[in-house]
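Asks: My structure is stored as protein.tsv, with TSV, C-alpha atoms.
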chain	number	residue	atom	x	y	z
A	16	MET	CA	4.29	23.77	61.81
A	17	THR	CA	0.84	22.78	60.71
A	18	ASP	CA	0.65	21.75	57.11
A	19	LEU	CA	-1.96	24.01	55.53
A	20	THR	CA	-1.60	22.46	52.08
A	21	LEU	CA	-4.91	21.25	50.72
A	22	PRO	CA	-4.95	17.60	49.71
A	23	SER	CA	-4.85	17.21	45.96
A	24	ARG	CA	-7.72	15.41	44.33
A	25	LYS	CA	-6.81	12.21	42.63
A	26	SER	CA	-7.50	12.36	38.94
A	27	PRO	CA	-9.74	9.54	37.72
A	28	GLY	CA	-8.29	6.76	35.63
A	29	ASN	CA	-8.31	6.83	31.87
A	30	LEU	CA	-11.24	4.43	31.52
A	31	ARG	CA	-13.26	6.30	34.12
A	32	GLN	CA	-12.50	9.62	32.45
A	33	LEU	CA	-13.59	8.23	29.08
A	34	ALA	CA	-16.81	6.98	30.69
A	35	ILE	CA	-17.44	10.47	32.09
A	36	TYR	CA	-16.92	12.06	28.68
A	37	LEU	CA	-19.19	9.44	27.11
A	38	THR	CA	-22.05	10.10	29.52
A	39	ARG	CA	-21.84	13.82	28.75
A	40	ASP	CA	-22.59	13.18	25.08
A	41	LYS	CA	-25.92	11.38	25.02
A	42	LEU	CA	-25.79	10.69	21.27
A	43	ALA	CA	-22.37	9.05	21.55
A	44	LEU	CA	-23.60	7.07	24.56
A	45	VAL	CA	-26.53	5.67	22.56
A	46	ALA	CA	-24.18	4.82	19.68
A	47	ALA	CA	-21.78	3.04	22.07
A	48	LEU	CA	-24.61	1.04	23.64
A	49	PHE	CA	-25.89	0.00	20.22
A	50	LEU	CA	-22.41	-1.14	19.12
A	51	ALA	CA	-21.94	-3.01	22.40
A	52	LEU	CA	-25.25	-4.81	21.84
A	53	LEU	CA	-24.21	-5.58	18.28
A	54	LEU	CA	-20.88	-6.98	19.46
A	55	LEU	CA	-22.72	-9.16	21.99
A	56	CYS	CA	-24.95	-10.49	19.21
A	57	VAL	CA	-21.89	-11.24	17.08
A	58	LEU	CA	-20.20	-13.20	19.88
A	59	LEU	CA	-23.16	-15.07	21.35
A	60	GLY	CA	-25.95	-14.81	18.78
A	61	PRO	CA	-24.83	-17.53	16.34
A	62	LEU	CA	-24.50	-19.99	19.23
A	63	LEU	CA	-28.10	-19.36	20.26
A	64	VAL	CA	-29.97	-18.91	16.97
A	65	GLY	CA	-27.54	-20.26	14.37
A	66	GLU	CA	-29.70	-23.24	13.42
A	67	GLN	CA	-32.87	-21.14	13.22
A	68	ALA	CA	-31.28	-18.78	10.67
A	69	ALA	CA	-31.04	-21.57	8.08
A	70	LYS	CA	-34.20	-23.49	9.04
A	71	LEU	CA	-36.83	-23.46	6.28
A	72	GLY	CA	-40.48	-22.95	7.11
A	73	LEU	CA	-42.71	-22.69	4.08
A	74	ARG	CA	-45.74	-22.07	6.26
A	75	GLN	CA	-44.06	-18.89	7.52
A	76	ARG	CA	-43.12	-17.73	4.00
A	77	ASN	CA	-43.16	-13.89	3.79
A	78	LEU	CA	-44.58	-13.71	7.30
A	79	PRO	CA	-45.12	-10.01	8.20
A	80	PRO	CA	-43.40	-8.39	11.20
A	81	PHE	CA	-44.67	-8.61	14.77
A	82	SER	CA	-46.13	-12.07	14.21
A	83	VAL	CA	-45.29	-13.28	17.68
A	84	GLN	CA	-47.65	-16.26	17.41
A	85	GLN	CA	-44.88	-18.16	15.60
A	86	GLY	CA	-42.29	-17.34	18.26
A	87	TRP	CA	-40.13	-14.39	19.28
A	88	LEU	CA	-37.69	-15.00	16.43
A	89	TYR	CA	-40.42	-14.02	13.96
A	90	VAL	CA	-40.95	-10.59	15.52
A	91	LEU	CA	-39.33	-8.99	12.45
A	92	GLY	CA	-41.07	-11.32	10.00
A	93	ALA	CA	-39.74	-14.05	7.73
A	94	ASP	CA	-38.16	-14.12	4.28
A	95	THR	CA	-39.28	-15.87	1.10
A	96	LEU	CA	-38.28	-19.29	2.45
A	97	GLY	CA	-39.82	-18.81	5.89
A	98	ARG	CA	-36.56	-18.18	7.71
A	99	PRO	CA	-36.83	-15.73	10.63
A	100	ILE	CA	-35.27	-12.38	9.73
A	101	LEU	CA	-34.17	-11.63	13.31
A	102	ALA	CA	-32.10	-14.82	13.46
A	103	ARG	CA	-30.58	-14.07	10.05
A	104	LEU	CA	-29.75	-10.52	11.13
A	105	ILE	CA	-27.88	-11.83	14.16
A	106	VAL	CA	-25.97	-14.47	12.19
A	107	GLY	CA	-25.36	-12.13	9.25
A	108	ALA	CA	-23.87	-9.52	11.58
A	109	GLN	CA	-21.02	-11.90	12.37
A	110	LYS	CA	-20.04	-12.29	8.71
A	111	THR	CA	-20.52	-8.59	7.90
A	112	LEU	CA	-18.47	-7.30	10.83
A	113	THR	CA	-15.82	-10.01	10.48
A	114	ILE	CA	-15.18	-9.09	6.85
A	115	ALA	CA	-15.10	-5.37	7.66
A	116	ALA	CA	-12.85	-5.81	10.71
A	117	ALA	CA	-10.38	-8.06	8.86
A	118	ALA	CA	-10.21	-5.71	5.87
A	119	VAL	CA	-9.69	-2.60	8.03
A	120	LEU	CA	-7.09	-4.34	10.22
A	121	CYS	CA	-5.11	-5.57	7.20
A	122	SER	CA	-5.23	-2.19	5.47
A	123	MET	CA	-4.19	-0.39	8.67
A	124	ILE	CA	-1.24	-2.72	9.34
A	125	VAL	CA	0.05	-2.87	5.75
A	126	GLY	CA	-0.81	0.71	4.82
A	127	GLY	CA	0.45	2.09	8.13
A	128	THR	CA	3.76	0.23	7.78
A	129	LEU	CA	4.25	1.45	4.21
A	130	GLY	CA	3.33	4.97	5.30
A	131	LEU	CA	5.92	4.88	8.09
A	132	ILE	CA	8.59	3.80	5.62
A	133	ALA	CA	7.56	6.36	3.00
A	134	GLY	CA	7.54	9.18	5.53
A	135	TYR	CA	10.84	8.44	7.26
A	136	SER	CA	12.98	7.29	4.36
A	137	GLU	CA	13.95	9.43	1.37
A	138	ARG	CA	15.16	6.58	-0.82
A	139	TRP	CA	13.67	5.41	-4.09
A	140	TYR	CA	11.20	2.96	-2.52
A	141	SER	CA	9.58	5.86	-0.65
A	142	HIS	CA	8.55	7.36	-4.00
A	143	VAL	CA	7.41	3.94	-5.24
A	144	ILE	CA	5.07	3.61	-2.23
A	145	GLN	CA	3.62	7.06	-2.87
A	146	ARG	CA	3.01	6.34	-6.54
A	147	LEU	CA	1.41	2.99	-5.63
A	148	ALA	CA	-1.04	4.80	-3.36
A	149	ASP	CA	-1.80	7.30	-6.14
A	150	VAL	CA	-2.48	4.51	-8.64
A	151	ILE	CA	-4.89	2.73	-6.28
A	152	MET	CA	-6.70	5.98	-5.44
A	153	SER	CA	-7.05	6.85	-9.14
A	154	PHE	CA	-9.56	3.99	-9.50
A	155	PRO	CA	-13.00	4.22	-7.89
A	156	SER	CA	-12.86	1.73	-5.02
A	157	LEU	CA	-16.15	0.02	-5.91
A	158	LEU	CA	-15.20	-0.30	-9.58
A	159	LEU	CA	-11.79	-1.75	-8.68
A	160	ALA	CA	-13.43	-4.24	-6.33
A	161	LEU	CA	-15.91	-5.26	-9.03
A	162	ILE	CA	-13.14	-5.89	-11.57
A	163	VAL	CA	-10.98	-7.92	-9.19
A	164	LEU	CA	-13.81	-9.99	-7.76
A	165	TYR	CA	-15.21	-10.68	-11.23
A	166	THR	CA	-11.76	-11.89	-12.31
A	167	LEU	CA	-10.80	-13.92	-9.23
A	168	GLY	CA	-14.29	-15.02	-8.24
A	169	PRO	CA	-16.34	-14.08	-5.20
A	170	SER	CA	-15.17	-15.54	-1.91
A	171	MET	CA	-14.68	-14.32	1.63
A	172	LEU	CA	-10.88	-14.23	1.35
A	173	ASN	CA	-10.91	-12.41	-1.99
A	174	LEU	CA	-13.45	-9.94	-0.61
A	175	ILE	CA	-11.24	-9.14	2.39
A	176	ILE	CA	-8.15	-8.73	0.19
A	177	VAL	CA	-9.93	-6.43	-2.26
A	178	LEU	CA	-11.45	-4.26	0.48
A	179	ALA	CA	-8.07	-4.02	2.24
A	180	ILE	CA	-6.28	-2.97	-0.96
A	181	THR	CA	-8.83	-0.30	-1.82
A	182	ARG	CA	-8.58	1.28	1.66
A	183	MET	CA	-4.78	1.06	1.99
A	184	PRO	CA	-3.93	4.46	0.41
A	185	ILE	CA	-5.76	6.31	3.19
A	186	PHE	CA	-3.51	4.76	5.83
A	187	ILE	CA	-0.39	5.21	3.70
A	188	ARG	CA	-0.99	8.93	3.31
A	189	THR	CA	-2.07	9.45	6.91
A	190	ALA	CA	0.94	7.60	8.35
A	191	ARG	CA	3.32	9.39	5.99
A	192	ALA	CA	1.95	12.80	6.99
A	193	GLU	CA	2.34	11.93	10.67
A	194	VAL	CA	5.93	10.73	10.20
A	195	LEU	CA	6.94	13.80	8.21
A	196	GLU	CA	5.98	15.92	11.20
A	197	LEU	CA	7.30	13.61	13.93
A	198	ARG	CA	10.72	12.93	12.41
A	199	GLU	CA	11.70	16.60	12.83
A	200	ARG	CA	11.10	16.64	16.59
A	201	MET	CA	13.85	16.86	19.16
A	202	PHE	CA	13.46	13.35	20.61
A	203	VAL	CA	14.01	11.80	17.17
A	204	SER	CA	17.16	13.86	16.65
A	205	ALA	CA	18.36	12.83	20.12
A	206	ALA	CA	17.74	9.14	19.40
A	207	ARG	CA	19.53	9.45	16.07
A	208	SER	CA	22.52	11.17	17.68
A	209	MET	CA	22.77	8.35	20.23
A	210	GLY	CA	23.17	5.83	17.42
A	211	ALA	CA	19.65	4.38	17.27
A	212	SER	CA	18.85	2.66	14.00
A	213	SER	CA	16.07	3.80	11.70
A	214	THR	CA	14.04	0.68	12.50
A	215	ARG	CA	14.29	1.33	16.24
A	216	ILE	CA	13.33	4.98	15.83
A	217	LEU	CA	10.31	4.05	13.74
A	218	LEU	CA	9.09	1.26	16.01
A	219	ARG	CA	9.93	2.67	19.45
A	220	HIS	CA	9.55	6.43	19.02
A	221	ILE	CA	7.44	7.35	15.97
A	222	ALA	CA	4.97	4.47	15.53
A	223	PRO	CA	3.40	4.74	19.04
A	224	LEU	CA	2.65	8.44	18.42
A	225	ALA	CA	1.17	7.81	14.97
A	226	LEU	CA	-0.93	4.83	16.09
A	227	PRO	CA	-3.80	6.81	17.73
A	228	THR	CA	-4.39	8.72	14.49
A	229	LEU	CA	-4.43	5.49	12.49
A	230	VAL	CA	-6.87	3.89	14.92
A	231	THR	CA	-9.20	6.89	14.59
A	232	ILE	CA	-9.01	6.66	10.79
A	233	ALA	CA	-9.73	2.92	11.05
A	234	ALA	CA	-12.87	3.57	13.11
A	235	ILE	CA	-14.11	6.02	10.49
A	236	ASP	CA	-13.16	3.72	7.61
A	237	PHE	CA	-14.90	0.75	9.24
A	238	ALA	CA	-18.28	2.20	8.30
A	239	THR	CA	-17.14	2.78	4.70
A	240	VAL	CA	-15.96	-0.81	4.40
A	241	ILE	CA	-19.31	-2.10	5.68
A	242	LEU	CA	-21.12	-0.06	3.02
A	243	THR	CA	-18.75	-1.26	0.28
A	244	GLU	CA	-19.14	-4.89	1.33
A	245	SER	CA	-22.90	-4.50	1.41
A	246	ALA	CA	-22.87	-3.00	-2.09
A	247	LEU	CA	-20.75	-5.87	-3.43
A	248	SER	CA	-23.00	-8.45	-1.77
A	249	PHE	CA	-26.02	-6.64	-3.20
A	250	LEU	CA	-24.48	-7.01	-6.67
A	251	GLY	CA	-23.84	-10.72	-6.09
A	252	LEU	CA	-20.04	-10.48	-5.75
A	253	GLY	CA	-19.88	-10.91	-1.97
A	254	ILE	CA	-19.74	-14.20	-0.12
A	255	GLN	CA	-21.91	-16.84	-1.71
A	256	PRO	CA	-24.76	-18.99	-0.31
A	257	PRO	CA	-25.22	-20.67	2.08
A	258	ASP	CA	-23.21	-17.93	3.82
A	259	PHE	CA	-24.78	-14.49	3.81
A	260	THR	CA	-24.30	-10.93	5.01
A	261	TRP	CA	-26.61	-7.98	5.51
A	262	GLY	CA	-25.95	-6.84	1.96
A	263	ALA	CA	-26.92	-10.25	0.60
A	264	MET	CA	-30.14	-10.10	2.64
A	265	VAL	CA	-31.00	-6.74	1.07
A	266	ALA	CA	-30.30	-8.23	-2.37
A	267	ASN	CA	-32.61	-11.18	-1.66
A	268	GLY	CA	-35.45	-8.85	-0.71
A	269	ARG	CA	-35.17	-6.32	-3.52
A	270	GLY	CA	-37.63	-8.24	-5.70
A	271	TYR	CA	-40.27	-8.21	-2.95
A	272	LEU	CA	-40.26	-4.53	-1.98
A	273	ALA	CA	-43.88	-4.08	-3.08
A	274	THR	CA	-45.25	-7.18	-1.34
A	275	ALA	CA	-42.80	-8.00	1.49
A	276	TRP	CA	-40.83	-4.82	2.20
A	277	TRP	CA	-39.56	-6.10	5.56
A	278	ILE	CA	-37.20	-8.62	3.92
A	279	ALA	CA	-34.93	-5.83	2.66
A	280	PHE	CA	-35.89	-3.14	5.20
A	281	TRP	CA	-34.50	-4.68	8.40
A	282	PRO	CA	-31.00	-5.53	7.09
A	283	GLY	CA	-30.87	-2.12	5.41
A	284	LEU	CA	-31.79	-0.50	8.72
A	285	ALA	CA	-29.09	-2.53	10.49
A	286	ILE	CA	-26.48	-1.29	8.00
A	287	LEU	CA	-27.69	2.30	8.46
A	288	LEU	CA	-27.65	2.19	12.27
A	289	THR	CA	-24.26	0.49	12.43
A	290	THR	CA	-22.52	2.94	10.10
A	291	LEU	CA	-24.23	5.91	11.77
A	292	SER	CA	-23.19	4.71	15.23
A	293	LEU	CA	-19.61	4.21	14.09
A	294	ASN	CA	-19.46	7.70	12.61
A	295	ILE	CA	-20.94	9.27	15.76
A	296	LEU	CA	-18.56	7.38	18.05
A	297	SER	CA	-15.51	8.17	15.91
A	298	SER	CA	-16.47	11.86	15.94
A	299	TRP	CA	-16.74	11.69	19.74
A	300	ALA	CA	-13.33	9.99	19.92
A	301	ARG	CA	-11.74	12.76	17.85
A	302	THR	CA	-13.24	15.34	20.22
A	303	VAL	CA	-11.90	13.53	23.28
A	304	ALA	CA	-8.44	13.04	21.76
A	305	ASP	CA	-8.08	16.71	20.80
A	306	PRO	CA	-7.44	18.97	23.84
A	307	GLN	CA	-8.58	22.00	21.85
A	308	GLN	CA	-12.00	20.41	21.21
A	309	ARG	CA	-12.51	18.67	24.56
A	310	TRP	CA	-14.18	21.74	26.02
A	311	ARG	CA	-17.28	20.89	23.98
A	312	LEU	CA	-17.97	17.93	26.27
A	313	GLN	CA	-17.53	20.14	29.32
A	314	SER	CA	-20.01	22.65	27.90
A	315	LEU	CA	-22.51	19.83	27.38
A	316	ARG	CA	-22.31	19.09	31.10
A	317	LYS	CA	-23.00	22.74	31.98
A	318	THR	CA	-25.94	22.84	29.58
A	319	ALA	CA	-27.41	19.69	31.16
A	320	ARG	CA	-27.25	21.34	34.55
Reformat the file's structure so that it appears as structure tokens.
Replies:
Amino acid sequence: MTDLTLPSRKSPGNLRQLAIYLTRDKLALVAALFLALLLLCVLLGPLLVGEQAAKLGLRQRNLPPFSVQQGWLYVLGADTLGRPILARLIVGAQKTLTIAAAAVLCSMIVGGTLGLIAGYSERWYSHVIQRLADVIMSFPSLLLALIVLYTLGPSMLNLIIVLAITRMPIFIRTARAEVLELRERMFVSAARSMGASSTRILLRHIAPLALPTLVTIAAIDFATVILTESALSFLGLGIQPPDFTWGAMVANGRGYLATAWWIAFWPGLAILLTTLSLNILSSWARTVADPQQRWRLQSLRKTAR
């Protein structure tokens, strides 16, 4: 007999499918391209323009933007000591994003682990973890960071620790809420009936299902940490000279807003675009991860046609 069955179309791979969804949302595509360019600057920029970011040039002091006669690095102008702002933006991005990434990663690992324990176990330390999260959240994060950094002294390590502690309760509560729902499912009961230990159930069965939610929260929280770090650097409690971040650059230019606005404008714009791109991309990721919301990307394709 002749086989009349139509050949099934092969579904595209996960990366290809994500690329298709990304191209359907033009705003998310622009945000992804901007973040990719920023990541490239973080990895390669300091190797190319690192020396120029600290090179003094009193003849170029407060040089206005688009002064290409002095070289392409001065296209965004120069600061009060004649250092090119473009080079300092590229080098400052490395410090800013490194601090934010380290703080978010630490808070996700520690907070996620504590949240898994608090959600699965019903012993006394589960309540201790919940109360610890409540105590941390009862303080405004910026005020808590100011108190700790003023006491311990501003440094890169202290800044990362403070930012990680202030963001930990979000991951504790999110992980605990996920575990409370997952621990009642059939596969957990089956693993428990087969003699699996609590540690194995948490690490092998529950944690992989809770991880995507934590990663999404981390992407959203990344922008908040950047803003908090910039605020602390603006107040003089971030990393100290000769190191600098975007927030420190804004602080250096606040006294020249009337005469040399570009000193504070460009790093402020970089902070704005980075946080906005992260929020747009995290919103797109939530839409892709949720099957009930994924139809929005399909409707965007039909509208484009």
Asks: Taking only C-alpha atoms into account, which of A:Tyr135, A:Leu50, A:Pro227, A:Leu96 comes nearest A:Ala69?
Replies: A:Leu96
Asks: Out of A:Val106, A:Ala118, A:Leu217, A:Val45, which residue has the shortest atom-to-atom distance to A:Ala190 when counting all atoms listed in the file?
Replies: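 Using all atoms listed in the file, A:Ala190 sits closest to A:Leu217.
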Asks: For A:Leu53, which residue out of A:Gly97, A:Leu224, A:Leu293, A:Gln85 is the nearest one, using only C-alpha atoms?
Replies: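 Closest residue, counting only C-alpha atoms: A:Leu293.
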Asks: Go ahead and compute the interatomic distance for atom CA of A:Ala179 and atom CA of A:Ile295, in Å to one decimal.
Replies: 22.9 Å
Asks: Just to confirm, what's the straight-line distance from atom CA of A:Arg138 to atom CA of A:Val230 in Å (one decimal)?
Replies: 27.2 Å
Asks: So that I can check the surroundings of stretch 200-211 of chain A, please list as a PyMOL selection string every protein, DNA and RNA residue that reaches within 12 Å of it, counting all atoms listed in the file and ignoring chain neighbours fewer than 4 positions away.
Replies: chain A and resi 135+193-196+215-222+224
Asks: Output C-alpha atoms for every residue in that selection, as a short mmCIF file (atom, residue, chain, number, x, y, z; two decimals), in the coordinates of the input.
Replies:
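Writing done, so here's part.cif:
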data_model
loop_
_atom_site.label_atom_id
_atom_site.label_comp_id
_atom_site.auth_asym_id
_atom_site.auth_seq_id
_atom_site.Cartn_x
_atom_site.Cartn_y
_atom_site.Cartn_z
CA TYR A 135 10.84 8.44 7.26
CA GLU A 193 2.34 11.93 10.67
CA VAL A 194 5.93 10.73 10.20
CA LEU A 195 6.94 13.80 8.21
CA GLU A 196 5.98 15.92 11.20
CA ARG A 215 14.29 1.33 16.24
CA ILE A 216 13.33 4.98 15.83
CA LEU A 217 10.31 4.05 13.74
CA LEU A 218 9.09 1.26 16.01
CA ARG A 219 9.93 2.67 19.45
CA HIS A 220 9.55 6.43 19.02
CA ILE A 221 7.44 7.35 15.97
CA ALA A 222 4.97 4.47 15.53
CA LEU A 224 2.65 8.44 18.42
#
Asks: Between atom CA of A:Val240 and atom CA of A:Glu66, what is the spacing in Å?
Replies: 27.8 Å
Asks: Can you tell me, as an MDAnalysis selection string, what residues are no more than 9 Å from A:Phe186 when counting only C-alpha atoms, ignoring any on the same chain fewer than 3 positions away?
Replies: chainID A and resid 122:130 182:183 189:191 229 232:233
Asks: Excluding A:Leu54 and its own-chain neighbours fewer than 6 positions away, which residues fall within 10 Å of it when counting all atoms listed in the file? Please give them as a ChimeraX atom specification.
Replies: /A:48,60,108-109,112
Asks: Go through A:Gln67, A:Pro184, A:Ile100, A:Ala115 one by one, measure the shortest atom-to-atom distance of each to A:Ser82 using all atoms listed in the file, and give the residue with the smallest value.
Replies: A:Ile100
Asks: Find the residue from A:Arg74, A:Ala133, A:Leu250, A:Pro256 that sits nearest to A:Thr95; use only C-alpha atoms when measuring.
Replies: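 Ranked by minimum distance to A:Thr95, first place goes to A:Arg74.
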Asks: Find, counting all atoms listed in the file, the residue in A:Ile35, A:Val90, A:Ala263, A:Leu242 that gets nearest to A:Ala279.
Replies: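 Among the listed residues, A:Ala263 lies closest to A:Ala279.
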Asks: Taking only residues of stretch 207-266 of chain A that have an atom at most 7 Å from an atom of stretch 158-169 of chain A, what is each one's shortest atom pair and its distance in Å to one decimal, using only C-alpha atoms, in chain and number order, as CSV?
Replies:
residue,atom,partner,partner_atom,distance
A:Leu252,CA,A:Pro169,CA,5.2
A:Gly253,CA,A:Pro169,CA,5.7
A:Ile254,CA,A:Pro169,CA,6.1
Asks: Would you mind exporting the chosen residues as an mmCIF file, keeping the file's coordinate frame, restricted to C-alpha atoms?
Replies:
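And here's result-v4.cif as it stands now:
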data_model
loop_
_atom_site.group_PDB
_atom_site.id
_atom_site.type_symbol
_atom_site.label_atom_id
_atom_site.label_comp_id
_atom_site.auth_asym_id
_atom_site.auth_seq_id
_atom_site.Cartn_x
_atom_site.Cartn_y
_atom_site.Cartn_z
ATOM 1 C CA LEU A 252 -20.040 -10.480 -5.750
ATOM 2 C CA GLY A 253 -19.880 -10.910 -1.970
ATOM 3 C CA ILE A 254 -19.740 -14.200 -0.120
#
Asks: Might you pull out every residue within 9 Å of A:Asn77, with all atoms listed in the file counted and same-chain residues fewer than 6 positions away left off, and present them as a ChimeraX atom specification?
Replies: /A:92-98,274-275,277-278
Asks: Could you take the residues named above and write them with C-alpha atoms, as a compact mmCIF listing (two decimals), in the frame of the given file?
Replies:
# COMPACT_ATOMS: atom_id res chain seq x y z
CA GLY A 92 -41.07 -11.32 10.00
CA ALA A 93 -39.74 -14.05 7.73
CA ASP A 94 -38.16 -14.12 4.28
CA THR A 95 -39.28 -15.87 1.10
CA LEU A 96 -38.28 -19.29 2.45
CA GLY A 97 -39.82 -18.81 5.89
CA ARG A 98 -36.56 -18.18 7.71
CA THR A 274 -45.25 -7.18 -1.34
CA ALA A 275 -42.80 -8.00 1.49
CA TRP A 277 -39.56 -6.10 5.56
CA ILE A 278 -37.20 -8.62 3.92
Asks: Please complete stretch 271-295 of chain A with N, CA and C atoms and give it back as a PDB file, in the coordinates of the input.
Replies:
ATOM      1  N   TYR A 271     -39.018  -8.103  -3.697  1.00  0.00           N
ATOM      2  CA  TYR A 271     -40.270  -8.210  -2.950  1.00  0.00           C
ATOM      3  C   TYR A 271     -40.590  -6.914  -2.204  1.00  0.00           C
ATOM      4  N   LEU A 272     -40.037  -5.796  -2.669  1.00  0.00           N
ATOM      5  CA  LEU A 272     -40.260  -4.530  -1.980  1.00  0.00           C
ATOM      6  C   LEU A 272     -41.728  -4.119  -1.973  1.00  0.00           C
ATOM      7  N   ALA A 273     -42.467  -4.481  -3.006  1.00  0.00           N
ATOM      8  CA  ALA A 273     -43.880  -4.080  -3.080  1.00  0.00           C
ATOM      9  C   ALA A 273     -44.767  -4.980  -2.239  1.00  0.00           C
ATOM     10  N   THR A 274     -44.385  -6.238  -2.048  1.00  0.00           N
ATOM     11  CA  THR A 274     -45.250  -7.180  -1.340  1.00  0.00           C
ATOM     12  C   THR A 274     -44.728  -7.568   0.041  1.00  0.00           C
ATOM     13  N   ALA A 275     -43.403  -7.618   0.208  1.00  0.00           N
ATOM     14  CA  ALA A 275     -42.800  -8.000   1.490  1.00  0.00           C
ATOM     15  C   ALA A 275     -41.605  -7.089   1.742  1.00  0.00           C
ATOM     16  N   TRP A 276     -41.871  -5.832   2.050  1.00  0.00           N
ATOM     17  CA  TRP A 276     -40.830  -4.820   2.200  1.00  0.00           C
ATOM     18  C   TRP A 276     -39.881  -5.115   3.359  1.00  0.00           C
ATOM     19  N   TRP A 277     -40.362  -5.866   4.354  1.00  0.00           N
ATOM     20  CA  TRP A 277     -39.560  -6.100   5.560  1.00  0.00           C
ATOM     21  C   TRP A 277     -38.343  -6.984   5.303  1.00  0.00           C
ATOM     22  N   ILE A 278     -38.338  -7.740   4.211  1.00  0.00           N
ATOM     23  CA  ILE A 278     -37.200  -8.620   3.920  1.00  0.00           C
ATOM     24  C   ILE A 278     -35.938  -7.797   3.663  1.00  0.00           C
ATOM     25  N   ALA A 279     -36.070  -6.694   2.950  1.00  0.00           N
ATOM     26  CA  ALA A 279     -34.930  -5.830   2.660  1.00  0.00           C
ATOM     27  C   ALA A 279     -34.811  -4.668   3.653  1.00  0.00           C
ATOM     28  N   PHE A 280     -35.904  -4.326   4.320  1.00  0.00           N
ATOM     29  CA  PHE A 280     -35.890  -3.140   5.200  1.00  0.00           C
ATOM     30  C   PHE A 280     -35.031  -3.350   6.435  1.00  0.00           C
ATOM     31  N   TRP A 281     -35.204  -4.477   7.136  1.00  0.00           N
ATOM     32  CA  TRP A 281     -34.500  -4.680   8.400  1.00  0.00           C
ATOM     33  C   TRP A 281     -32.993  -4.790   8.232  1.00  0.00           C
ATOM     34  N   PRO A 282     -32.466  -5.554   7.268  1.00  0.00           N
ATOM     35  CA  PRO A 282     -31.000  -5.530   7.090  1.00  0.00           C
ATOM     36  C   PRO A 282     -30.485  -4.173   6.620  1.00  0.00           C
ATOM     37  N   GLY A 283     -31.269  -3.473   5.800  1.00  0.00           N
ATOM     38  CA  GLY A 283     -30.870  -2.120   5.410  1.00  0.00           C
ATOM     39  C   GLY A 283     -30.821  -1.183   6.592  1.00  0.00           C
ATOM     40  N   LEU A 284     -31.790  -1.317   7.509  1.00  0.00           N
ATOM     41  CA  LEU A 284     -31.790  -0.500   8.720  1.00  0.00           C
ATOM     42  C   LEU A 284     -30.603  -0.842   9.617  1.00  0.00           C
ATOM     43  N   ALA A 285     -30.250  -2.122   9.683  1.00  0.00           N
ATOM     44  CA  ALA A 285     -29.090  -2.530  10.490  1.00  0.00           C
ATOM     45  C   ALA A 285     -27.808  -1.916   9.939  1.00  0.00           C
ATOM     46  N   ILE A 286     -27.658  -1.914   8.619  1.00  0.00           N
ATOM     47  CA  ILE A 286     -26.480  -1.290   8.000  1.00  0.00           C
ATOM     48  C   ILE A 286     -26.453   0.204   8.316  1.00  0.00           C
ATOM     49  N   LEU A 287     -27.606   0.864   8.197  1.00  0.00           N
ATOM     50  CA  LEU A 287     -27.690   2.300   8.460  1.00  0.00           C
ATOM     51  C   LEU A 287     -27.326   2.623   9.902  1.00  0.00           C
ATOM     52  N   LEU A 288     -27.906   1.908  10.862  1.00  0.00           N
ATOM     53  CA  LEU A 288     -27.650   2.190  12.270  1.00  0.00           C
ATOM     54  C   LEU A 288     -26.201   1.892  12.660  1.00  0.00           C
ATOM     55  N   THR A 289     -25.644   0.834  12.095  1.00  0.00           N
ATOM     56  CA  THR A 289     -24.260   0.490  12.430  1.00  0.00           C
ATOM     57  C   THR A 289     -23.286   1.540  11.917  1.00  0.00           C
ATOM     58  N   THR A 290     -23.421   1.929  10.661  1.00  0.00           N
ATOM     59  CA  THR A 290     -22.520   2.940  10.100  1.00  0.00           C
ATOM     60  C   THR A 290     -22.727   4.296  10.783  1.00  0.00           C
ATOM     61  N   LEU A 291     -23.968   4.644  11.084  1.00  0.00           N
ATOM     62  CA  LEU A 291     -24.230   5.910  11.770  1.00  0.00           C
ATOM     63  C   LEU A 291     -23.623   5.901  13.170  1.00  0.00           C
ATOM     64  N   SER A 292     -23.763   4.802  13.890  1.00  0.00           N
ATOM     65  CA  SER A 292     -23.190   4.710  15.230  1.00  0.00           C
ATOM     66  C   SER A 292     -21.665   4.793  15.196  1.00  0.00           C
ATOM     67  N   LEU A 293     -21.064   4.147  14.208  1.00  0.00           N
ATOM     68  CA  LEU A 293     -19.610   4.210  14.090  1.00  0.00           C
ATOM     69  C   LEU A 293     -19.136   5.627  13.799  1.00  0.00           C
ATOM     70  N   ASN A 294     -19.845   6.335  12.926  1.00  0.00           N
ATOM     71  CA  ASN A 294     -19.460   7.700  12.610  1.00  0.00           C
ATOM     72  C   ASN A 294     -19.628   8.617  13.825  1.00  0.00           C
ATOM     73  N   ILE A 295     -20.718   8.442  14.571  1.00  0.00           N
ATOM     74  CA  ILE A 295     -20.940   9.270  15.760  1.00  0.00           C
ATOM     75  C   ILE A 295     -19.870   9.006  16.810  1.00  0.00           C
TER      76      ILE A 295
END
